[in-house]
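Participant: Pasting query.pdb below, which is PDB, C-alpha atoms, pLDDT in the B column.
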ATOM      1  CA  MET A   1      24.514  -7.336  18.075  1.00 81.00           C
ATOM      2  CA  ILE A   2      23.698 -11.007  18.504  1.00 79.00           C
ATOM      3  CA  GLU A   3      22.212 -10.328  21.940  1.00 80.00           C
ATOM      4  CA  PHE A   4      19.890  -7.672  20.501  1.00 79.00           C
ATOM      5  CA  THR A   5      18.961 -10.051  17.683  1.00 77.00           C
ATOM      6  CA  ARG A   6      18.178 -12.713  20.258  1.00 73.00           C
ATOM      7  CA  GLN A   7      16.006 -10.255  22.195  1.00 73.00           C
ATOM      8  CA  TYR A   8      14.249  -8.704  19.205  1.00 74.00           C
ATOM      9  CA  GLY A   9      14.155 -11.407  16.584  1.00 70.00           C
ATOM     10  CA  ARG A  10      12.097  -9.438  14.086  1.00 73.00           C
ATOM     11  CA  TYR A  11      14.397  -6.397  13.965  1.00 79.00           C
ATOM     12  CA  GLY A  12      16.550  -5.756  10.904  1.00 81.00           C
ATOM     13  CA  TYR A  13      20.180  -4.634  11.007  1.00 82.00           C
ATOM     14  CA  ARG A  14      19.344  -0.906  10.812  1.00 84.00           C
ATOM     15  CA  ARG A  15      17.139  -1.092  13.887  1.00 85.00           C
ATOM     16  CA  VAL A  16      19.768  -3.168  15.709  1.00 85.00           C
ATOM     17  CA  ALA A  17      22.423  -0.610  14.713  1.00 86.00           C
ATOM     18  CA  ALA A  18      20.315   2.154  16.250  1.00 87.00           C
ATOM     19  CA  LEU A  19      20.014   0.155  19.481  1.00 86.00           C
ATOM     20  CA  LEU A  20      23.794  -0.374  19.552  1.00 85.00           C
ATOM     21  CA  ARG A  21      24.447   3.351  19.147  1.00 85.00           C
ATOM     22  CA  ASP A  22      21.925   4.091  21.868  1.00 82.00           C
ATOM     23  CA  ALA A  23      23.858   1.667  24.104  1.00 81.00           C
ATOM     24  CA  GLY A  24      27.117   3.578  23.469  1.00 85.00           C
ATOM     25  CA  TRP A  25      28.703   1.661  20.568  1.00 86.00           C
ATOM     26  CA  GLN A  26      30.228   3.803  17.811  1.00 87.00           C
ATOM     27  CA  VAL A  27      29.099   1.851  14.750  1.00 86.00           C
ATOM     28  CA  ASN A  28      27.441   2.775  11.474  1.00 89.00           C
ATOM     29  CA  ASP A  29      24.792   0.838   9.567  1.00 86.00           C
ATOM     30  CA  LYS A  30      27.214  -0.553   6.968  1.00 87.00           C
ATOM     31  CA  ARG A  31      29.513  -2.104   9.552  1.00 86.00           C
ATOM     32  CA  VAL A  32      26.580  -3.702  11.367  1.00 85.00           C
ATOM     33  CA  GLU A  33      25.256  -4.991   8.040  1.00 86.00           C
ATOM     34  CA  ARG A  34      28.619  -6.653   7.245  1.00 85.00           C
ATOM     35  CA  LEU A  35      28.733  -8.319  10.676  1.00 84.00           C
ATOM     36  CA  TRP A  36      25.068  -9.222  10.362  1.00 81.00           C
ATOM     37  CA  ARG A  37      25.624 -11.051   7.085  1.00 81.00           C
ATOM     38  CA  ARG A  38      28.873 -12.646   8.302  1.00 79.00           C
ATOM     39  CA  GLU A  39      26.967 -14.175  11.218  1.00 78.00           C
ATOM     40  CA  GLY A  40      24.337 -15.518   8.808  1.00 77.00           C
ATOM     41  CA  LEU A  41      21.515 -13.401  10.204  1.00 77.00           C
ATOM     42  CA  LYS A  42      18.515 -12.740   8.006  1.00 70.00           C
ATOM     43  CA  VAL A  43      17.113  -9.298   7.333  1.00 57.00           C
ATOM     44  CA  PRO A  44      13.286  -9.398   7.620  1.00 55.00           C
ATOM     45  CA  MET A  45      11.548  -8.761   4.322  1.00 57.00           C
ATOM     46  CA  LYS A  46      10.194  -5.251   3.824  1.00 53.00           C
ATOM     47  CA  GLN A  47       6.441  -4.830   3.745  1.00 49.00           C
ATOM     48  CA  PRO A  48       4.989  -3.668   0.409  1.00 49.00           C
ATOM     49  CA  LYS A  49       4.171   0.013   0.270  1.00 48.00           C
ATOM     50  CA  LYS A  50       0.514   0.993   0.374  1.00 46.00           C
ATOM     51  CA  GLY A  51      -1.026   3.362  -2.112  1.00 46.00           C
ATOM     52  CA  ARG A  52      -3.403   6.204  -1.377  1.00 45.00           C
ATOM     53  CA  LEU A  53      -6.965   6.706  -2.546  1.00 43.00           C
ATOM     54  CA  TRP A  54      -7.311   9.637  -4.962  1.00 42.00           C
ATOM     55  CA  LEU A  55     -10.545  11.379  -5.888  1.00 42.00           C
ATOM     56  CA  ASN A  56     -11.555  12.485  -9.401  1.00 41.00           C
ATOM     57  CA  ASP A  57     -10.609  16.094  -8.651  1.00 41.00           C
ATOM     58  CA  GLY A  58      -7.034  15.046  -7.869  1.00 40.00           C
ATOM     59  CA  SER A  59      -7.318  15.429  -4.086  1.00 39.00           C
ATOM     60  CA  CYS A  60      -6.218  12.735  -1.668  1.00 40.00           C
ATOM     61  CA  VAL A  61      -8.736  11.311   0.797  1.00 49.00           C
ATOM     62  CA  ARG A  62      -6.111  10.637   3.418  1.00 56.00           C
ATOM     63  CA  LEU A  63      -5.764  13.184   6.206  1.00 69.00           C
ATOM     64  CA  ARG A  64      -2.068  13.606   6.955  1.00 78.00           C
ATOM     65  CA  PRO A  65      -0.989  14.378  10.554  1.00 83.00           C
ATOM     66  CA  GLU A  66       0.976  17.632  10.889  1.00 86.00           C
ATOM     67  CA  TYR A  67       1.730  17.861  14.623  1.00 88.00           C
ATOM     68  CA  ARG A  68       1.278  15.952  17.869  1.00 88.00           C
ATOM     69  CA  ASN A  69      -2.378  15.634  18.886  1.00 89.00           C
ATOM     70  CA  HIS A  70      -3.477  16.536  15.348  1.00 91.00           C
ATOM     71  CA  VAL A  71      -4.714  13.062  14.356  1.00 90.00           C
ATOM     72  CA  TRP A  72      -5.209  10.041  16.573  1.00 92.00           C
ATOM     73  CA  SER A  73      -6.244   6.691  15.149  1.00 90.00           C
ATOM     74  CA  TYR A  74      -7.463   3.500  16.720  1.00 91.00           C
ATOM     75  CA  ASP A  75      -8.337  -0.058  15.770  1.00 89.00           C
ATOM     76  CA  PHE A  76      -8.908  -3.562  17.133  1.00 90.00           C
ATOM     77  CA  VAL A  77      -6.565  -6.561  17.094  1.00 93.00           C
ATOM     78  CA  HIS A  78      -7.887 -10.062  17.818  1.00 94.00           C
ATOM     79  CA  HIS A  79      -5.913 -12.812  19.576  1.00 95.00           C
ATOM     80  CA  ARG A  80      -6.413 -15.800  21.934  1.00 95.00           C
ATOM     81  CA  THR A  81      -5.109 -17.008  25.262  1.00 95.00           C
ATOM     82  CA  ASP A  82      -3.654 -20.521  25.512  1.00 93.00           C
ATOM     83  CA  ASP A  83      -7.047 -21.987  26.469  1.00 95.00           C
ATOM     84  CA  GLY A  84      -8.489 -20.900  23.114  1.00 93.00           C
ATOM     85  CA  ARG A  85     -10.572 -18.035  24.470  1.00 95.00           C
ATOM     86  CA  ALA A  86     -10.540 -14.893  22.367  1.00 96.00           C
ATOM     87  CA  PHE A  87      -9.537 -11.436  23.516  1.00 96.00           C
ATOM     88  CA  ARG A  88      -9.234  -8.118  21.756  1.00 95.00           C
ATOM     89  CA  THR A  89      -6.942  -5.134  22.035  1.00 96.00           C
ATOM     90  CA  LEU A  90      -7.968  -1.554  21.351  1.00 95.00           C
ATOM     91  CA  ASN A  91      -4.861   0.232  20.035  1.00 95.00           C
ATOM     92  CA  ILE A  92      -4.783   4.050  20.073  1.00 95.00           C
ATOM     93  CA  LEU A  93      -1.992   5.968  18.287  1.00 93.00           C
ATOM     94  CA  ASP A  94      -0.838   9.521  17.773  1.00 93.00           C
ATOM     95  CA  GLU A  95      -0.152   9.461  14.032  1.00 90.00           C
ATOM     96  CA  HIS A  96       2.368  12.310  13.997  1.00 88.00           C
ATOM     97  CA  SER A  97       4.659  11.126  16.817  1.00 88.00           C
ATOM     98  CA  ARG A  98       3.881   7.401  16.154  1.00 90.00           C
ATOM     99  CA  GLU A  99       3.438   7.030  19.922  1.00 93.00           C
ATOM    100  CA  CYS A 100       1.116   4.270  21.076  1.00 94.00           C
ATOM    101  CA  LEU A 101      -1.064   6.192  23.518  1.00 95.00           C
ATOM    102  CA  ALA A 102      -2.858   3.180  24.968  1.00 95.00           C
ATOM    103  CA  ILE A 103      -3.638  -0.499  24.442  1.00 96.00           C
ATOM    104  CA  ARG A 104      -6.753  -1.734  26.211  1.00 96.00           C
ATOM    105  CA  VAL A 105      -6.944  -5.542  26.511  1.00 97.00           C
ATOM    106  CA  LYS A 106     -10.248  -7.278  27.323  1.00 95.00           C
ATOM    107  CA  ARG A 107     -12.271 -10.312  26.341  1.00 95.00           C
ATOM    108  CA  LYS A 108     -14.907  -8.051  24.805  1.00 91.00           C
ATOM    109  CA  LEU A 109     -14.604  -4.443  23.666  1.00 90.00           C
ATOM    110  CA  ASN A 110     -17.473  -2.280  22.469  1.00 88.00           C
ATOM    111  CA  SER A 111     -18.327   1.374  21.856  1.00 88.00           C
ATOM    112  CA  THR A 112     -18.528   2.028  25.617  1.00 90.00           C
ATOM    113  CA  GLU A 113     -14.950   0.781  26.006  1.00 91.00           C
ATOM    114  CA  VAL A 114     -13.844   3.080  23.166  1.00 90.00           C
ATOM    115  CA  ILE A 115     -15.358   6.067  24.978  1.00 91.00           C
ATOM    116  CA  ASP A 116     -13.814   5.010  28.315  1.00 93.00           C
ATOM    117  CA  ALA A 117     -10.333   4.596  26.806  1.00 93.00           C
ATOM    118  CA  LEU A 118     -10.492   7.924  24.989  1.00 92.00           C
ATOM    119  CA  THR A 119     -11.815   9.671  28.098  1.00 91.00           C
ATOM    120  CA  ASP A 120      -8.775   8.490  30.084  1.00 93.00           C
ATOM    121  CA  LEU A 121      -6.468   9.868  27.390  1.00 93.00           C
ATOM    122  CA  PHE A 122      -8.333  13.166  27.033  1.00 91.00           C
ATOM    123  CA  ILE A 123      -7.935  13.762  30.780  1.00 90.00           C
ATOM    124  CA  LEU A 124      -4.187  13.154  30.547  1.00 90.00           C
ATOM    125  CA  ARG A 125      -3.394  14.759  27.177  1.00 89.00           C
ATOM    126  CA  GLY A 126      -6.292  16.885  25.982  1.00 89.00           C
ATOM    127  CA  PHE A 127      -8.157  15.929  22.812  1.00 88.00           C
ATOM    128  CA  PRO A 128      -6.893  15.753  19.212  1.00 92.00           C
ATOM    129  CA  ALA A 129      -8.228  17.731  16.264  1.00 91.00           C
ATOM    130  CA  TYR A 130      -9.257  14.513  14.470  1.00 89.00           C
ATOM    131  CA  ILE A 131      -9.862  10.904  15.441  1.00 89.00           C
ATOM    132  CA  ARG A 132      -9.482   8.397  12.610  1.00 86.00           C
ATOM    133  CA  SER A 133     -11.038   4.948  12.849  1.00 83.00           C
ATOM    134  CA  ASP A 134     -12.490   2.005  11.025  1.00 76.00           C
ATOM    135  CA  ASN A 135     -16.137   2.024  10.005  1.00 70.00           C
ATOM    136  CA  GLY A 136     -16.983  -0.964  12.209  1.00 73.00           C
ATOM    137  CA  PRO A 137     -20.003  -0.887  14.544  1.00 75.00           C
ATOM    138  CA  GLU A 138     -17.951  -0.081  17.675  1.00 74.00           C
ATOM    139  CA  PHE A 139     -16.518   3.003  16.011  1.00 72.00           C
ATOM    140  CA  ILE A 140     -19.551   4.377  14.192  1.00 70.00           C
ATOM    141  CA  ALA A 141     -21.922   3.872  17.129  1.00 74.00           C
ATOM    142  CA  GLU A 142     -24.025   7.001  17.566  1.00 80.00           C
ATOM    143  CA  ALA A 143     -22.901   7.359  21.173  1.00 83.00           C
ATOM    144  CA  VAL A 144     -19.228   7.483  20.089  1.00 85.00           C
ATOM    145  CA  ARG A 145     -19.910  10.023  17.319  1.00 83.00           C
ATOM    146  CA  ASP A 146     -21.938  12.264  19.603  1.00 86.00           C
ATOM    147  CA  TRP A 147     -19.362  12.065  22.390  1.00 88.00           C
ATOM    148  CA  ILE A 148     -16.409  12.918  20.123  1.00 88.00           C
ATOM    149  CA  LYS A 149     -18.357  15.869  18.696  1.00 86.00           C
ATOM    150  CA  ALA A 150     -19.287  17.078  22.186  1.00 87.00           C
ATOM    151  CA  VAL A 151     -15.643  17.315  23.306  1.00 86.00           C
ATOM    152  CA  GLY A 152     -14.669  19.329  20.233  1.00 86.00           C
ATOM    153  CA  ALA A 153     -12.842  16.748  18.096  1.00 87.00           C
ATOM    154  CA  LYS A 154     -13.774  15.610  14.578  1.00 85.00           C
ATOM    155  CA  THR A 155     -14.122  12.072  13.267  1.00 82.00           C
ATOM    156  CA  ALA A 156     -12.379  10.791  10.132  1.00 78.00           C
ATOM    157  CA  TYR A 157     -13.795   7.385   9.209  1.00 70.00           C
ATOM    158  CA  ILE A 158     -12.014   5.400   6.513  1.00 62.00           C
ATOM    159  CA  GLU A 159     -13.878   4.165   3.464  1.00 57.00           C
ATOM    160  CA  PRO A 160     -14.980   0.491   3.484  1.00 54.00           C
ATOM    161  CA  GLY A 161     -12.346  -1.734   1.896  1.00 50.00           C
ATOM    162  CA  SER A 162      -9.666   0.978   2.049  1.00 50.00           C
ATOM    163  CA  PRO A 163      -7.309  -0.057   4.911  1.00 46.00           C
ATOM    164  CA  TRP A 164      -4.497   2.096   3.464  1.00 45.00           C
ATOM    165  CA  GLU A 165      -6.422   5.157   4.687  1.00 53.00           C
ATOM    166  CA  ASN A 166      -5.701   3.967   8.227  1.00 63.00           C
ATOM    167  CA  GLY A 167      -2.122   3.043   7.400  1.00 72.00           C
ATOM    168  CA  TYR A 168      -0.591   4.123  10.727  1.00 80.00           C
ATOM    169  CA  CYS A 169      -2.780   1.743  12.725  1.00 83.00           C
ATOM    170  CA  GLU A 170      -2.444  -0.984  10.093  1.00 84.00           C
ATOM    171  CA  SER A 171       1.346  -0.731  10.313  1.00 85.00           C
ATOM    172  CA  PHE A 172       1.341  -0.678  14.120  1.00 90.00           C
ATOM    173  CA  ASN A 173      -1.007  -3.678  14.309  1.00 91.00           C
ATOM    174  CA  GLY A 174       1.299  -5.606  11.981  1.00 89.00           C
ATOM    175  CA  ARG A 175       4.362  -4.777  14.101  1.00 89.00           C
ATOM    176  CA  MET A 176       2.532  -5.775  17.272  1.00 93.00           C
ATOM    177  CA  ARG A 177       1.488  -9.120  15.819  1.00 92.00           C
ATOM    178  CA  ASP A 178       4.872  -9.834  14.246  1.00 90.00           C
ATOM    179  CA  GLU A 179       7.089  -8.743  17.145  1.00 89.00           C
ATOM    180  CA  LEU A 180       4.891  -9.749  20.093  1.00 92.00           C
ATOM    181  CA  LEU A 181       1.682 -11.727  19.615  1.00 93.00           C
ATOM    182  CA  ASN A 182       3.077 -14.353  17.232  1.00 90.00           C
ATOM    183  CA  GLY A 183       5.900 -15.164  19.652  1.00 88.00           C
ATOM    184  CA  GLU A 184       4.055 -15.271  22.985  1.00 91.00           C
ATOM    185  CA  ILE A 185       1.803 -17.771  24.750  1.00 93.00           C
ATOM    186  CA  PHE A 186      -0.642 -16.027  27.080  1.00 94.00           C
ATOM    187  CA  TYR A 187      -1.971 -18.329  29.789  1.00 94.00           C
ATOM    188  CA  SER A 188      -4.450 -15.770  31.123  1.00 95.00           C
ATOM    189  CA  LEU A 189      -5.971 -12.432  30.221  1.00 96.00           C
ATOM    190  CA  ARG A 190      -4.070 -10.747  33.061  1.00 96.00           C
ATOM    191  CA  GLU A 191      -0.770 -12.078  31.741  1.00 96.00           C
ATOM    192  CA  ALA A 192      -1.664 -10.735  28.286  1.00 96.00           C
ATOM    193  CA  GLN A 193      -2.457  -7.300  29.757  1.00 96.00           C
ATOM    194  CA  ILE A 194       0.889  -7.123  31.600  1.00 95.00           C
ATOM    195  CA  ILE A 195       3.053  -8.342  28.709  1.00 95.00           C
ATOM    196  CA  ILE A 196       1.294  -6.184  26.112  1.00 96.00           C
ATOM    197  CA  GLU A 197       1.643  -3.080  28.308  1.00 96.00           C
ATOM    198  CA  ARG A 198       5.341  -3.849  28.804  1.00 94.00           C
ATOM    199  CA  TRP A 199       5.748  -4.120  25.025  1.00 94.00           C
ATOM    200  CA  ARG A 200       3.901  -0.792  24.544  1.00 94.00           C
ATOM    201  CA  ASN A 201       6.376   0.890  26.890  1.00 92.00           C
ATOM    202  CA  HIS A 202       9.284  -0.621  24.948  1.00 90.00           C
ATOM    203  CA  TYR A 203       7.741   0.460  21.628  1.00 91.00           C
ATOM    204  CA  ASN A 204       7.395   4.049  22.828  1.00 91.00           C
ATOM    205  CA  THR A 205      10.711   4.498  24.615  1.00 90.00           C
ATOM    206  CA  LYS A 206      13.261   2.044  23.158  1.00 87.00           C
ATOM    207  CA  ARG A 207      12.237   0.594  19.800  1.00 84.00           C
ATOM    208  CA  PRO A 208      13.915   2.481  16.923  1.00 82.00           C
ATOM    209  CA  HIS A 209      11.346   3.680  14.372  1.00 76.00           C
ATOM    210  CA  SER A 210      12.515   3.927  10.756  1.00 74.00           C
ATOM    211  CA  ALA A 211      10.171   6.841   9.940  1.00 71.00           C
ATOM    212  CA  LEU A 212      11.673   8.836  12.837  1.00 73.00           C
ATOM    213  CA  GLY A 213      15.326   8.391  11.862  1.00 76.00           C
ATOM    214  CA  TYR A 214      15.564   5.233  13.967  1.00 75.00           C
ATOM    215  CA  ARG A 215      14.600   7.031  17.168  1.00 81.00           C
ATOM    216  CA  PRO A 216      11.826   5.798  19.475  1.00 78.00           C
ATOM    217  CA  PRO A 217       8.444   7.542  19.093  1.00 81.00           C
ATOM    218  CA  ALA A 218       8.244   9.075  22.568  1.00 72.00           C
ATOM    219  CA  PRO A 219      11.111   8.393  24.972  1.00 62.00           C
ATOM    220  CA  GLU A 220       9.616  10.871  27.454  1.00 54.00           C
ATOM    221  CA  ALA A 221       6.073   9.557  27.172  1.00 48.00           C
ATOM    222  CA  ILE A 222       5.896   6.851  29.827  1.00 45.00           C
ATOM    223  CA  ILE A 223       3.603   8.022  32.601  1.00 45.00           C
ATOM    224  CA  PRO A 224       4.469   7.091  36.222  1.00 43.00           C
ATOM    225  CA  MET A 225       2.329   4.243  37.531  1.00 39.00           C
ATOM    226  CA  ASP A 226       0.598   6.413  40.137  1.00 45.00           C
ATOM    227  CA  GLN A 227      -0.561   8.834  37.433  1.00 44.00           C
ATOM    228  CA  ARG A 228      -1.976   6.304  34.997  1.00 41.00           C
ATOM    229  CA  PRO A 229      -5.731   5.904  34.503  1.00 42.00           C
ATOM    230  CA  ILE A 230      -7.200   2.779  36.086  1.00 44.00           C
ATOM    231  CA  MET A 231      -7.659  -0.075  33.579  1.00 41.00           C
ATOM    232  CA  HIS A 232     -11.077  -1.670  33.747  1.00 41.00           C
TER     233      HIS A 232
END
Take the structure in the file and give it back as structure tokens.
Facilitator:
Amino acid sequence: MIEFTRQYGRYGYRRVAALLRDAGWQVNDKRVERLWRREGLKVPMKQPKKGRLWLNDGSCVRLRPEYRNHVWSYDFVHHRTDDGRAFRTLNILDEHSRECLAIRVKRKLNSTEVIDALTDLFILRGFPAYIRSDNGPEFIAEAVRDWIKAVGAKTAYIEPGSPWENGYCESFNGRMRDELLNGEIFYSLREAQIIIERWRNHYNTKRPHSALGYRPPAPEAIIPMDQRPIMH
């Protein structure tokens, strides 16, 4: 338990208990909680729940994912390498499975990069019914809208000032910053790309997810290196 806590310092006792069971230990959450508190370990504070935006007719704006490849969402995260230079990540999720489909890491990302990243995924997985995104310029660029429409998917832009409508990406971005970015020093962009991709693999195949009964989002989802799209 202490070794897992040392490895994954932002995990609570329930997530650590799931990792222990996955490793072959026959323990329940309550026993791990007792040991956790006896060792003086702290349980990370829960994030406040987000509300939903309701219309006057009583309908909810939020589109809820019902199956894999129903709704994908994507967003940017900003960070810096040790020399102070900024870089961005483009995070793409399947909202139903919670799988992180891709993280593209570059100094600059624009609407062309969004199209390139989605194209790679469409070739590997087909296209979703809906693609949810922020209303920023990279995402509402006419070229992106036209391209998504041409392949047969639909866009679902969130309302300005309503981040809870993109709650899956918001939650993922928070986990990524809390569990990875805040605890790492990246000395180069290439190092950031390698470490972030390694964390994405862990998130998909090992990290217990509370919304999935403390199972990882997609243990079978890691694609062999020789079948992955080339990162630009």
Participant: Which polymer residues have any atom within 12 Å of an atom of Ile140 in chain A, counting all atoms listed in the file, with same-chain residues fewer than 2 positions away left out, as a list in words?
Facilitator: Asn110, Ser111, Thr112, Val114, Ile115, Ile131, Arg132, Ser133, Asp134, Asn135, Gly136, Pro137, Glu138, Glu142, Ala143, Val144, Arg145, Asp146, Trp147, Ile148, Thr155, Ala156, Tyr157 and Ile158 of chain A
Participant: Run the PyMOL selection byres ((chain A and resi 99) around 12) against the file shown and list the residues it catches, as a PDB file with C-alpha atoms, in the frame of the given file.
Facilitator:
ATOM      1  CA  ARG A  68       1.278  15.952  17.869  1.00 88.00           C
ATOM      2  CA  ASN A  69      -2.378  15.634  18.886  1.00 89.00           C
ATOM      3  CA  VAL A  71      -4.714  13.062  14.356  1.00 90.00           C
ATOM      4  CA  TRP A  72      -5.209  10.041  16.573  1.00 92.00           C
ATOM      5  CA  SER A  73      -6.244   6.691  15.149  1.00 90.00           C
ATOM      6  CA  TYR A  74      -7.463   3.500  16.720  1.00 91.00           C
ATOM      7  CA  ASN A  91      -4.861   0.232  20.035  1.00 95.00           C
ATOM      8  CA  ILE A  92      -4.783   4.050  20.073  1.00 95.00           C
ATOM      9  CA  LEU A  93      -1.992   5.968  18.287  1.00 93.00           C
ATOM     10  CA  ASP A  94      -0.838   9.521  17.773  1.00 93.00           C
ATOM     11  CA  GLU A  95      -0.152   9.461  14.032  1.00 90.00           C
ATOM     12  CA  HIS A  96       2.368  12.310  13.997  1.00 88.00           C
ATOM     13  CA  SER A  97       4.659  11.126  16.817  1.00 88.00           C
ATOM     14  CA  ARG A  98       3.881   7.401  16.154  1.00 90.00           C
ATOM     15  CA  CYS A 100       1.116   4.270  21.076  1.00 94.00           C
ATOM     16  CA  LEU A 101      -1.064   6.192  23.518  1.00 95.00           C
ATOM     17  CA  ALA A 102      -2.858   3.180  24.968  1.00 95.00           C
ATOM     18  CA  ILE A 103      -3.638  -0.499  24.442  1.00 96.00           C
ATOM     19  CA  TYR A 168      -0.591   4.123  10.727  1.00 80.00           C
ATOM     20  CA  CYS A 169      -2.780   1.743  12.725  1.00 83.00           C
ATOM     21  CA  PHE A 172       1.341  -0.678  14.120  1.00 90.00           C
ATOM     22  CA  ARG A 200       3.901  -0.792  24.544  1.00 94.00           C
ATOM     23  CA  ASN A 201       6.376   0.890  26.890  1.00 92.00           C
ATOM     24  CA  HIS A 202       9.284  -0.621  24.948  1.00 90.00           C
ATOM     25  CA  TYR A 203       7.741   0.460  21.628  1.00 91.00           C
ATOM     26  CA  ASN A 204       7.395   4.049  22.828  1.00 91.00           C
ATOM     27  CA  THR A 205      10.711   4.498  24.615  1.00 90.00           C
ATOM     28  CA  LYS A 206      13.261   2.044  23.158  1.00 87.00           C
ATOM     29  CA  ARG A 207      12.237   0.594  19.800  1.00 84.00           C
ATOM     30  CA  PRO A 208      13.915   2.481  16.923  1.00 82.00           C
ATOM     31  CA  HIS A 209      11.346   3.680  14.372  1.00 76.00           C
ATOM     32  CA  LEU A 212      11.673   8.836  12.837  1.00 73.00           C
ATOM     33  CA  ARG A 215      14.600   7.031  17.168  1.00 81.00           C
ATOM     34  CA  PRO A 216      11.826   5.798  19.475  1.00 78.00           C
ATOM     35  CA  PRO A 217       8.444   7.542  19.093  1.00 81.00           C
ATOM     36  CA  ALA A 218       8.244   9.075  22.568  1.00 72.00           C
ATOM     37  CA  PRO A 219      11.111   8.393  24.972  1.00 62.00           C
ATOM     38  CA  GLU A 220       9.616  10.871  27.454  1.00 54.00           C
ATOM     39  CA  ALA A 221       6.073   9.557  27.172  1.00 48.00           C
ATOM     40  CA  ILE A 222       5.896   6.851  29.827  1.00 45.00           C
TER      41      ILE A 222
END
Participant: Please measure the separation of CA of Arg175 in chain A and CA of Ala17 in chain A, giving the value in Å to one decimal.
Facilitator: 18.5 Å
Participant: Kindly resolve the PyMOL selection byres ((chain A and resi 81-86) around 10) on the present coordinates and return the residues as a ChimeraX atom specification.
Facilitator: /A:78-80,87-88,106-108,184-189,191-192
Participant: Near Arg34 in chain A, counting only C-alpha atoms, which residues have an atom at most 12 Å away, once you skip same-chain residues fewer than 6 positions from it, shown as a list in words?
Facilitator: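 With the cut-off at 12 Å, the set is Met1, Tyr13, Arg14, Ala17, Val27, Asn28, Gly40, Leu41, Lys42 and Val43 of chain A.
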Participant: What would the list of residues within 6 Å of (-4.4, -6.2, 17.3) (file frame) look like as JSON, numbers by chain, if all atoms listed in the file are what count?
Facilitator: {"A": [76, 77, 78, 89, 173]}
Participant: Could you save the residues just selected, with C-alpha atoms, as a PDB file, in the coordinates of the input?
Facilitator:
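Okay, this is what ended up in out-v2.pdb:
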ATOM      1  CA  PHE A  76      -8.908  -3.562  17.133  1.00 90.00           C
ATOM      2  CA  VAL A  77      -6.565  -6.561  17.094  1.00 93.00           C
ATOM      3  CA  HIS A  78      -7.887 -10.062  17.818  1.00 94.00           C
ATOM      4  CA  THR A  89      -6.942  -5.134  22.035  1.00 96.00           C
ATOM      5  CA  ASN A 173      -1.007  -3.678  14.309  1.00 91.00           C
TER       6      ASN A 173
END
Participant: For a test of reading the model, state the distance in Å between CA of Asn182 in chain A and CA of Tyr214 in chain A, rounded to one decimal.
Facilitator: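 CA of Asn182 in chain A sits 23.5 Å away from CA of Tyr214 in chain A.
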